[in-house]
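Q: The structure's right below; bear with me while I get my questions together.
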Amino acid sequence: MMFDPKASQFLNVSKLRDLVLELQPPLGIPDVSEDDILHLDIPLYPSDRAHCIDVLQALISRTLGPENPNTSEEFDMIKELMAESFRSAFPTLAVEVIETTTKQRLREIRAAIVLQKALRRFKNYKKQAPPSP
């Protein structure tokens, strides 16, 4: 209940890092950073919320790893069966619309940083450039 005190099945993305730190291996990630959380590619719903099932699926996928042979067709089939089961068990998830993912958010943050640096460089360049006649 610590991460979802109202038992809404959703938690704010700002609590994901703390949740993952609390979990024991293999799902928990010791010394997890915000970037590690964003790399999990968890779907995000309005108001920066993640559903508990999406978090669990992302952590399981990370634990199995892309190089694990079980993450191929078998794992995709299991994920689809889980998704069907979860849709009936969690009807609130079926009506929610995914806005973005943590991985997309990471791309947006990195793009914003690049743009901010370029703008600062441009402003400094304009300050240092001699006035044109």
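Following the order of the structure tokens, first chain is A, next is B, and so on, with residues numbered from 1 inside each chain and ligands from 1 in the order they appear.
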So that I can check the surroundings of Ile53 in chain A, please list as number ranges by chain every protein, DNA and RNA residue that reaches within 10 Å of it, counting only C-alpha atoms and ignoring chain neighbours fewer than 2 positions away.
A: A: 9-10, 42, 50-51, 55-59, 82-83, 86, 90, 93
Q: Using only C-alpha atoms, find each residue in range 17-50 of chain A having at least one atom no more than 8 Å away from range 106-119 of chain A; report its shortest atom-to-atom pair and that distance in Å (one decimal), rows by chain then rising number, as a tab-separated table.
A:
residue	atom	partner	partner_atom	distance
A:Asp35	CA	A:Leu106	CA	7.3
A:Leu38	CA	A:Leu106	CA	5.8
A:His39	CA	A:Leu106	CA	7.4
Q: For Glu99 in chain A, work out the shell of residues within 7 Å, counting only C-alpha atoms and skipping chain neighbours fewer than 3 positions away, then give it as JSON, numbers by chain.
A: {"A": [44, 45, 46]}
Q: Using CA of Thr100 in chain A and CA of Met2 in chain A as the two end points, give the distance in Å to one decimal.
A: 24.7 Å
Q: Work out how far CA of Ser8 in chain A is from CA of Ile29 in chain A, in Å to one decimal.
A: 24.3 Å
Q: What does the distance between CA of Asp4 in chain A and CA of Met77 in chain A come to in Å, to one decimal place?
A: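 Between CA of Asp4 in chain A and CA of Met77 in chain A the gap is 29.1 Å.
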Q: Residues of chain A in alpha helix (DSSP H) according to DSSP, as a count of residues only?
A: 75
Q: Please provide as a VMD selection string all residues within 10 Å of Asp18 in chain A, with the sequence filter that same-chain residues fewer than 3 positions apart are discarded (counting only C-alpha atoms).
A: chain A and resid 3 13 to 15 21 to 23 32 to 34
Q: Can those selected residues be exported to a file as a short mmCIF file (atom, residue, chain, number, x, y, z; two decimals), in the first residue's frame so that it contains C-alpha atoms?
A:
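Wrote part_16.cif, looks like this:
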data_model
loop_
_atom_site.label_atom_id
_atom_site.label_comp_id
_atom_site.auth_asym_id
_atom_site.auth_seq_id
_atom_site.Cartn_x
_atom_site.Cartn_y
_atom_site.Cartn_z
CA PHE A 3 3.23 2.95 -3.34
CA VAL A 13 6.12 7.44 -12.25
CA SER A 14 8.06 9.36 -9.59
CA LYS A 15 7.60 6.37 -7.23
CA LEU A 21 14.77 -0.34 -4.96
CA GLU A 22 12.45 -2.03 -2.44
CA LEU A 23 12.09 -5.21 -4.50
CA VAL A 32 18.83 1.79 -9.76
CA SER A 33 18.92 5.23 -11.37
CA GLU A 34 16.15 7.26 -12.97
#
Q: Looking at only C-alpha atoms, which of A:Tyr125, A:Arg87, A:Asp36, A:Arg62 is the one that sits closest to Lys103 in chain A?
A: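 Smallest separation from Lys103 in chain A among the options: A:Asp36.
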